[in-house]
$ cat final.txt   # compact mmCIF, C-alpha atoms and all ligand atoms
# COMPACT_ATOMS: atom_id res chain seq x y z
CA MET A 10 -23.43 -1.93 -2.40
CA ASP A 11 -23.63 1.17 -0.22
CA ARG A 12 -24.00 4.54 -1.90
CA ILE A 13 -23.62 8.14 -0.86
CA PRO A 14 -27.01 9.86 -0.53
CA ILE A 15 -27.76 12.77 -2.85
CA LEU A 16 -30.31 15.31 -1.60
CA LYS A 17 -32.24 17.82 -3.65
CA PHE A 18 -31.68 21.28 -2.23
CA GLY A 19 -33.62 23.94 -4.14
CA ASN A 20 -32.29 23.89 -7.68
CA ALA A 21 -29.10 22.22 -6.53
CA LEU A 22 -28.00 18.81 -5.30
CA LEU A 23 -26.29 18.30 -1.98
CA VAL A 24 -23.89 15.47 -1.30
CA THR A 25 -22.38 15.02 2.13
CA ILE A 26 -19.41 12.70 2.14
CA GLN A 27 -19.30 11.14 5.57
CA VAL A 28 -17.27 8.01 5.04
CA ASP A 29 -13.72 7.42 3.99
CA MET A 30 -14.07 7.16 0.21
CA HIS A 31 -13.14 3.92 -1.43
CA ASP A 32 -12.99 3.41 -5.17
CA ARG A 33 -16.36 1.78 -5.82
CA LEU A 34 -18.10 4.45 -3.77
CA ALA A 35 -16.37 7.18 -5.78
CA THR A 36 -17.35 5.65 -9.10
CA ALA A 37 -20.95 5.11 -7.95
CA LEU A 38 -21.16 8.72 -6.77
CA GLU A 39 -20.02 10.07 -10.13
CA GLU A 40 -22.65 7.98 -11.91
CA ASP A 41 -25.47 8.77 -9.47
CA LEU A 42 -24.76 12.49 -9.56
CA THR A 43 -24.74 12.62 -13.33
CA ALA A 44 -28.10 10.84 -13.48
CA LYS A 45 -29.65 13.12 -10.84
CA ILE A 46 -28.42 16.34 -12.44
CA VAL A 47 -30.24 15.32 -15.59
CA ALA A 48 -33.34 13.99 -13.79
CA TYR A 49 -33.84 17.16 -11.70
CA GLY A 50 -32.38 19.66 -14.14
CA ALA A 51 -30.14 20.72 -11.26
CA ARG A 52 -28.04 23.83 -11.80
CA GLY A 53 -25.58 23.25 -9.01
CA VAL A 54 -23.87 20.50 -7.05
CA LEU A 55 -22.67 21.06 -3.50
CA ILE A 56 -20.21 18.51 -2.19
CA ASP A 57 -19.67 18.76 1.55
CA ILE A 58 -16.31 17.23 2.47
CA SER A 59 -16.09 18.58 6.03
CA ALA A 60 -15.98 15.01 7.37
CA LEU A 61 -13.05 14.00 5.15
CA GLU A 62 -9.78 13.76 7.04
CA ILE A 63 -7.72 13.58 3.88
CA VAL A 64 -8.09 14.21 0.17
CA ASP A 65 -5.56 12.32 -1.91
CA SER A 66 -5.02 12.45 -5.67
CA PHE A 67 -7.67 9.76 -6.17
CA ILE A 68 -10.41 11.71 -4.37
CA GLY A 69 -9.14 14.92 -5.96
CA ARG A 70 -9.53 13.38 -9.39
CA MET A 71 -13.07 12.29 -8.48
CA LEU A 72 -13.98 15.85 -7.47
CA ASP A 73 -12.45 17.19 -10.69
CA ASN A 74 -14.36 14.63 -12.77
CA ILE A 75 -17.65 15.47 -11.10
CA ALA A 76 -17.05 19.18 -11.74
CA ALA A 77 -16.18 18.55 -15.39
CA VAL A 78 -19.23 16.39 -16.08
CA SER A 79 -21.54 18.78 -14.18
CA ARG A 80 -20.24 21.70 -16.22
CA ILE A 81 -21.14 19.93 -19.45
CA LEU A 82 -24.62 19.35 -18.01
CA ASP A 83 -24.86 23.07 -17.14
CA ALA A 84 -24.46 22.70 -13.37
CA ASP A 85 -21.83 24.34 -11.17
CA THR A 86 -19.93 22.26 -8.65
CA VAL A 87 -18.87 23.77 -5.34
CA VAL A 88 -16.84 21.79 -2.82
CA VAL A 89 -17.60 23.01 0.68
CA GLY A 90 -16.18 22.53 4.15
CA MET A 91 -12.64 21.51 3.33
CA ARG A 92 -10.65 21.28 6.56
CA PRO A 93 -7.69 23.66 6.83
CA ALA A 94 -5.21 20.79 7.32
CA VAL A 95 -6.58 19.16 4.17
CA ALA A 96 -6.19 22.39 2.20
CA ILE A 97 -2.57 22.78 3.36
CA THR A 98 -1.82 19.18 2.44
CA LEU A 99 -3.44 19.45 -1.00
CA VAL A 100 -1.23 22.37 -1.93
CA GLU A 101 1.90 20.45 -0.94
CA LEU A 102 0.68 17.37 -2.76
CA GLY A 103 0.42 19.54 -5.86
CA LEU A 104 -3.29 19.09 -6.40
CA SER A 105 -4.72 22.40 -7.54
CA LEU A 106 -8.35 21.35 -8.16
CA THR A 107 -8.50 23.99 -10.87
CA GLY A 108 -11.90 22.96 -12.16
CA VAL A 109 -13.52 23.00 -8.75
CA LYS A 110 -14.97 25.99 -6.93
CA THR A 111 -14.77 25.97 -3.14
CA ALA A 112 -16.70 27.65 -0.34
CA LEU A 113 -16.38 27.63 3.42
CA ASN A 114 -19.74 26.02 4.14
CA VAL A 115 -23.00 24.86 2.54
CA GLU A 116 -24.71 28.27 2.91
CA ARG A 117 -21.90 30.10 1.15
CA GLY A 118 -21.65 27.40 -1.49
CA MET A 119 -25.37 27.73 -2.20
CA ALA A 120 -25.03 31.50 -2.38
CA LEU A 121 -22.23 31.09 -4.91
CA ILE A 122 -24.40 28.86 -7.11
CA GLN A 123 -27.37 31.27 -6.91
CA ALA A 124 -25.19 34.29 -7.68
CA ARG A 125 -23.78 32.60 -10.76
CA LEU A 126 -27.26 31.58 -11.88
CA GLN A 127 -28.45 35.18 -11.62
CA THR A 128 -25.55 36.56 -13.64
CA SER A 129 -25.99 33.95 -16.33
CA GLU A 130 -29.75 34.66 -16.48
CA SER A 131 -29.23 38.40 -16.80
CA GLU A 132 -26.63 37.75 -19.50
CA ASP A 133 -29.18 35.62 -21.35
CA ALA A 134 -31.67 38.47 -21.01
CA ASP A 135 -29.13 40.90 -22.45
CA VAL A 136 -28.67 38.69 -25.47
CA GLU A 137 -32.42 38.55 -26.04
CA ASP A 138 -32.63 42.36 -25.92
CA MET B 11 16.90 3.84 17.40
CA PRO B 12 14.20 2.37 19.66
CA THR B 13 10.93 1.41 18.06
CA LEU B 14 7.97 2.08 20.35
CA ARG B 15 5.39 0.32 18.27
CA THR B 16 5.04 -1.42 14.94
CA ASP B 17 2.10 -2.38 12.81
CA ARG B 18 1.82 -3.86 9.35
CA LEU B 19 -0.76 -4.27 6.65
CA GLU B 20 -0.93 -6.11 3.39
CA ILE B 21 -2.27 -4.18 0.40
CA ARG B 22 -4.29 -6.36 -1.94
CA SER B 23 -7.41 -4.37 -2.79
CA SER B 24 -8.63 -0.79 -2.79
CA ASP B 25 -10.27 -1.40 0.59
CA ASP B 26 -6.77 -1.91 1.95
CA VAL B 27 -5.90 1.63 0.87
CA VAL B 28 -8.65 2.84 3.21
CA ARG B 29 -7.22 0.55 5.91
CA VAL B 30 -3.71 1.88 5.45
CA ARG B 31 -5.03 5.39 6.07
CA GLN B 32 -6.63 4.16 9.29
CA MET B 33 -3.40 2.49 10.37
CA ALA B 34 -1.34 5.59 9.54
CA ARG B 35 -3.79 7.74 11.50
CA ALA B 36 -3.62 5.52 14.59
CA MET B 37 0.17 5.42 14.47
CA ALA B 38 0.42 9.19 13.86
CA LEU B 39 -1.69 9.76 16.97
CA GLU B 40 0.55 7.40 18.90
CA THR B 41 3.56 9.38 17.68
CA GLY B 42 1.91 12.57 18.89
CA LEU B 43 1.97 14.29 15.51
CA GLY B 44 -0.09 17.46 15.19
CA LEU B 45 -3.14 17.64 12.97
CA VAL B 46 -1.41 19.01 9.88
CA ASP B 47 1.47 16.52 10.16
CA GLN B 48 -1.03 13.69 10.63
CA THR B 49 -2.93 14.78 7.55
CA LYS B 50 0.27 14.99 5.51
CA ILE B 51 1.58 11.54 6.36
CA ILE B 52 -1.84 9.88 5.99
CA THR B 53 -2.18 11.47 2.55
CA ALA B 54 1.33 10.34 1.57
CA ALA B 55 0.50 6.82 2.80
CA SER B 56 -2.65 6.78 0.72
CA GLU B 57 -0.70 7.75 -2.42
CA LEU B 58 2.05 5.18 -1.91
CA ALA B 59 -0.35 2.35 -1.03
CA ARG B 60 -2.38 3.09 -4.14
CA ASN B 61 0.76 3.06 -6.28
CA MET B 62 1.65 -0.37 -4.85
CA LEU B 63 -1.81 -1.58 -5.75
CA ASP B 64 -1.99 0.02 -9.20
CA TYR B 65 1.55 -0.65 -10.40
CA GLY B 66 3.24 -3.06 -7.98
CA GLY B 67 0.59 -5.76 -7.77
CA GLY B 68 0.06 -5.05 -4.08
CA GLY B 69 2.55 -5.28 -1.25
CA LEU B 70 3.27 -4.76 2.40
CA VAL B 71 3.18 -1.62 4.54
CA LEU B 72 5.16 -1.42 7.76
CA ALA B 73 4.47 1.36 10.26
CA GLU B 74 6.89 2.18 13.08
CA VAL B 75 6.74 4.73 15.85
CA LEU B 76 10.36 5.72 16.46
CA GLU B 77 12.01 7.45 19.36
CA GLN B 78 15.26 9.33 19.23
CA PRO B 79 16.67 11.58 21.95
CA GLY B 80 14.38 14.56 21.94
CA ARG B 81 12.03 13.51 19.18
CA ARG B 82 9.49 11.00 18.00
CA GLY B 83 8.61 10.08 14.49
CA LEU B 84 6.49 7.86 12.33
CA ARG B 85 8.20 5.82 9.65
CA LEU B 86 6.25 4.01 6.95
CA THR B 87 7.77 1.45 4.58
CA PHE B 88 6.00 0.38 1.39
CA GLU B 89 7.42 -2.70 -0.26
CA ASP B 90 6.21 -4.57 -3.31
CA LYS B 91 7.57 -7.27 -5.57
CA GLY B 92 6.16 -5.71 -8.71
CA PRO B 93 7.87 -4.74 -11.97
CA GLY B 94 9.80 -1.84 -10.40
CA ILE B 95 10.34 1.60 -11.89
CA ALA B 96 12.69 1.96 -14.85
CA ASP B 97 13.43 5.66 -14.36
CA VAL B 98 12.86 6.70 -10.75
CA GLU B 99 13.89 10.29 -11.35
CA ALA B 100 11.29 10.66 -14.09
CA ALA B 101 8.62 8.94 -11.96
CA LEU B 102 9.20 11.48 -9.19
CA LYS B 103 8.43 14.39 -11.49
CA ASP B 104 4.94 15.86 -11.24
CA GLY B 105 2.85 14.95 -14.23
CA PHE B 106 4.73 11.73 -15.03
CA THR B 107 2.35 8.79 -15.18
CA THR B 108 2.26 5.48 -17.00
CA GLY B 109 -1.33 4.99 -15.84
CA LYS B 110 -4.33 7.31 -15.93
CA GLY B 111 -3.31 9.32 -12.90
CA MET B 112 -2.06 12.87 -12.62
CA GLY B 113 1.47 11.80 -11.80
CA LEU B 114 1.34 13.50 -8.42
CA GLY B 115 1.53 10.64 -5.94
CA LEU B 116 5.24 9.93 -5.75
CA GLY B 117 6.49 13.52 -5.85
CA GLY B 118 3.66 14.57 -3.55
CA ALA B 119 4.50 11.87 -1.00
CA LYS B 120 8.08 13.12 -1.01
CA ARG B 121 7.00 16.72 -0.39
CA LEU B 122 4.65 15.62 2.39
CA SER B 123 7.39 13.78 4.29
CA ASN B 124 10.43 14.90 6.26
CA GLU B 125 12.37 11.90 4.99
CA PHE B 126 11.89 10.04 1.75
CA SER B 127 13.85 7.29 0.06
CA ILE B 128 13.03 5.05 -2.84
CA ASP B 129 14.76 1.94 -4.04
CA SER B 130 13.44 0.42 -7.23
CA ARG B 131 14.89 -1.61 -10.04
CA PRO B 132 13.09 -3.17 -12.99
CA GLY B 133 12.11 -6.70 -12.10
CA ALA B 134 13.10 -6.34 -8.44
CA GLY B 135 10.13 -4.43 -7.02
CA THR B 136 9.88 -1.10 -5.27
CA LYS B 137 10.55 0.02 -1.72
CA VAL B 138 9.61 3.49 -0.53
CA VAL B 139 10.36 4.70 3.00
CA ILE B 140 8.91 7.92 4.40
CA ALA B 141 9.09 9.50 7.84
CA ARG B 142 7.51 12.42 9.58
CA TRP B 143 9.00 13.75 12.82
CA LYS B 144 7.26 15.55 15.60
N1 LIG A 201 5.15 0.73 -6.68
C1 LIG A 201 5.36 0.98 -7.98
N2 LIG A 201 5.72 -0.01 -8.85
C2 LIG A 201 5.92 0.25 -10.15
N3 LIG A 201 5.79 1.48 -10.71
C3 LIG A 201 5.42 2.50 -9.90
C4 LIG A 201 5.18 2.33 -8.50
N4 LIG A 201 4.86 3.53 -7.96
C5 LIG A 201 4.89 4.41 -8.97
N5 LIG A 201 5.23 3.82 -10.14
C6 LIG A 201 5.39 4.48 -11.45
O1 LIG A 201 5.63 5.86 -11.25
C7 LIG A 201 4.65 6.65 -11.93
C8 LIG A 201 4.39 7.92 -11.15
O2 LIG A 201 3.71 7.62 -9.93
P1 LIG A 201 2.81 8.73 -9.25
O3 LIG A 201 2.18 8.18 -8.04
O4 LIG A 201 3.63 9.97 -9.09
O5 LIG A 201 1.72 9.04 -10.36
P2 LIG A 201 0.44 8.17 -10.78
O6 LIG A 201 0.18 7.10 -9.79
O7 LIG A 201 0.65 7.75 -12.20
O8 LIG A 201 -0.73 9.25 -10.72
P3 LIG A 201 -1.44 9.83 -9.37
O9 LIG A 201 -0.63 9.36 -8.20
O10 LIG A 201 -1.40 11.31 -9.52
O11 LIG A 201 -2.81 9.27 -9.38
C9 LIG A 201 3.48 5.73 -12.11
O12 LIG A 201 2.67 6.12 -13.19
C10 LIG A 201 4.16 4.39 -12.32
O13 LIG A 201 4.60 4.26 -13.65
MG MG A 202 0.11 7.46 -7.74

$ encode --input "final.txt" --output "structure tokens"
Amino acid sequence: MDRIPILKFGNALLVTIQVDMHDRLATALEEDLTAKIVAYGARGVLIDISALEIVDSFIGRMLDNIAAVSRILDADTVVVGMRPAVAITLVELGLSLTGVKTALNVERGMALIQARLQTSESEDADVED
Amino acid sequence: MPTLRTDRLEIRSSDDVVRVRQMARAMALETGLGLVDQTKIITAASELARNMLDYGGGGLVLAEVLEQPGRRGLRLTFEDKGPGIADVEAALKDGFTTGKGMGLGLGGAKRLSNEFSIDSRPGAGTKVVIARWK
């Protein structure tokens, strides 16, 4: 079975979705990501969907699930590169992706993850003081 | 109303949902729909095909490029011989699901289309027709 590659990118994981997602691929990605977050102690997950021509409720649910599981494992999920036509369509579909953070591109998504890491580290420091 | 082109696809597995998106895309291009309209009708097609698969036991999708004086459109018909929907009005509401979904597909497909009609009776199957005009 084919799988979507997951790359280590600093303290985060980067997934670039390049194919039209079918169900088995979505399920495999959720499982693989969960295992890799734990294995690498990753603090963030970047999911690049710039190649996706549509996001339907099935793919939306997958993104939400990944974000929810990552959060429990102490990693932030940022979906990057959503096409404008996809964003417009998602709103009309009624999919709010409330649990998912978004950024324009991989660089900005990475910056978002690092910024959140820094605030949470300084908060930890405050508690220790 | 002249039909410029037709295509059809049987939905039997989740791979067919991917195929229906490809068919809808090709036909939307043929219709001359803009990028946002293409995206909307492909997304609606994906939702309705998945519903047929999840709840209707699979079915048939018919795609037609239509021409009327002054405009072109893409019409998609989703027909299954499944159990049907007992309360169509309830099923159209966001958040209503009898499965593990979010209950967005049917209402969302309606919002993403210029025309939407549904005919479903328990035991008789479900037929949904959507259209998007240029
Ligand atoms: N073709 C069909 N045959 C029988 N029942 C259907 C069919 N399509 C939809 N339904 C019923 O209507 C309900 C609402 O459908 P809808 O697509 O809005 O939500 P969902 O499929 O449950 O979730 P989502 O689409 O958000 O993943 C379904 O849960 C199902 O009970
Ligand atoms: Mg649905």

$ residues_near_ligand --input "final.txt" --ligand "ligand LIG 201 (chain A)" --cutoff "8 Å" --atoms "all atoms listed in the file" --output "PyMOL selection string"
(chain A and resi 66-67+70) or (chain B and resi 57-58+60-67+89-90+92-95+98+100-118+130+135-137)

$ closest_residue --input "final.txt" --among "B:Val75, B:Val46, B:Met33, B:Ile51" --to "chain A" --atoms "all atoms listed in the file"
B:Val46

$ atom_distance --input "final.txt" --atom1 "CA of Ser79 (chain A)" --atom2 "CA of Leu106 (chain A)"
14.7 Å

$ closest_residue --input "final.txt" --among "A:Leu16, A:Leu38, A:Met71, A:Val89" --to "chain B" --atoms "all atoms listed in the file"
A:Met71

$ interface_residues --input "final.txt" --of "chain A" --to "chain B" --cutoff "7 Å" --atoms "all atoms listed in the file" --output "NGL selection string"
:A and (29 or 31-32 or 62-66 or 94-95 or 98 or 101-103)

$ axis_aligned_box --input "final.txt" --around "region 74-90 of chain B" --padding-each-side "4 Å" --output "JSON"
{"center_x": 11.3, "center_y": 5.0, "center_z": 9.3, "size_x": 18.7, "size_y": 27.1, "size_z": 33.3}

$ closest_residue --input "final.txt" --among "A:Thr25, A:Thr43, A:Ser131, A:Gln123" --to "Arg80 (chain A)" --atoms "only C-alpha atoms"
A:Thr43

$ atom_distance --input "final.txt" --atom1 "CA of Arg142 (chain B)" --atom2 "CA of Leu76 (chain B)"
10.0 Å
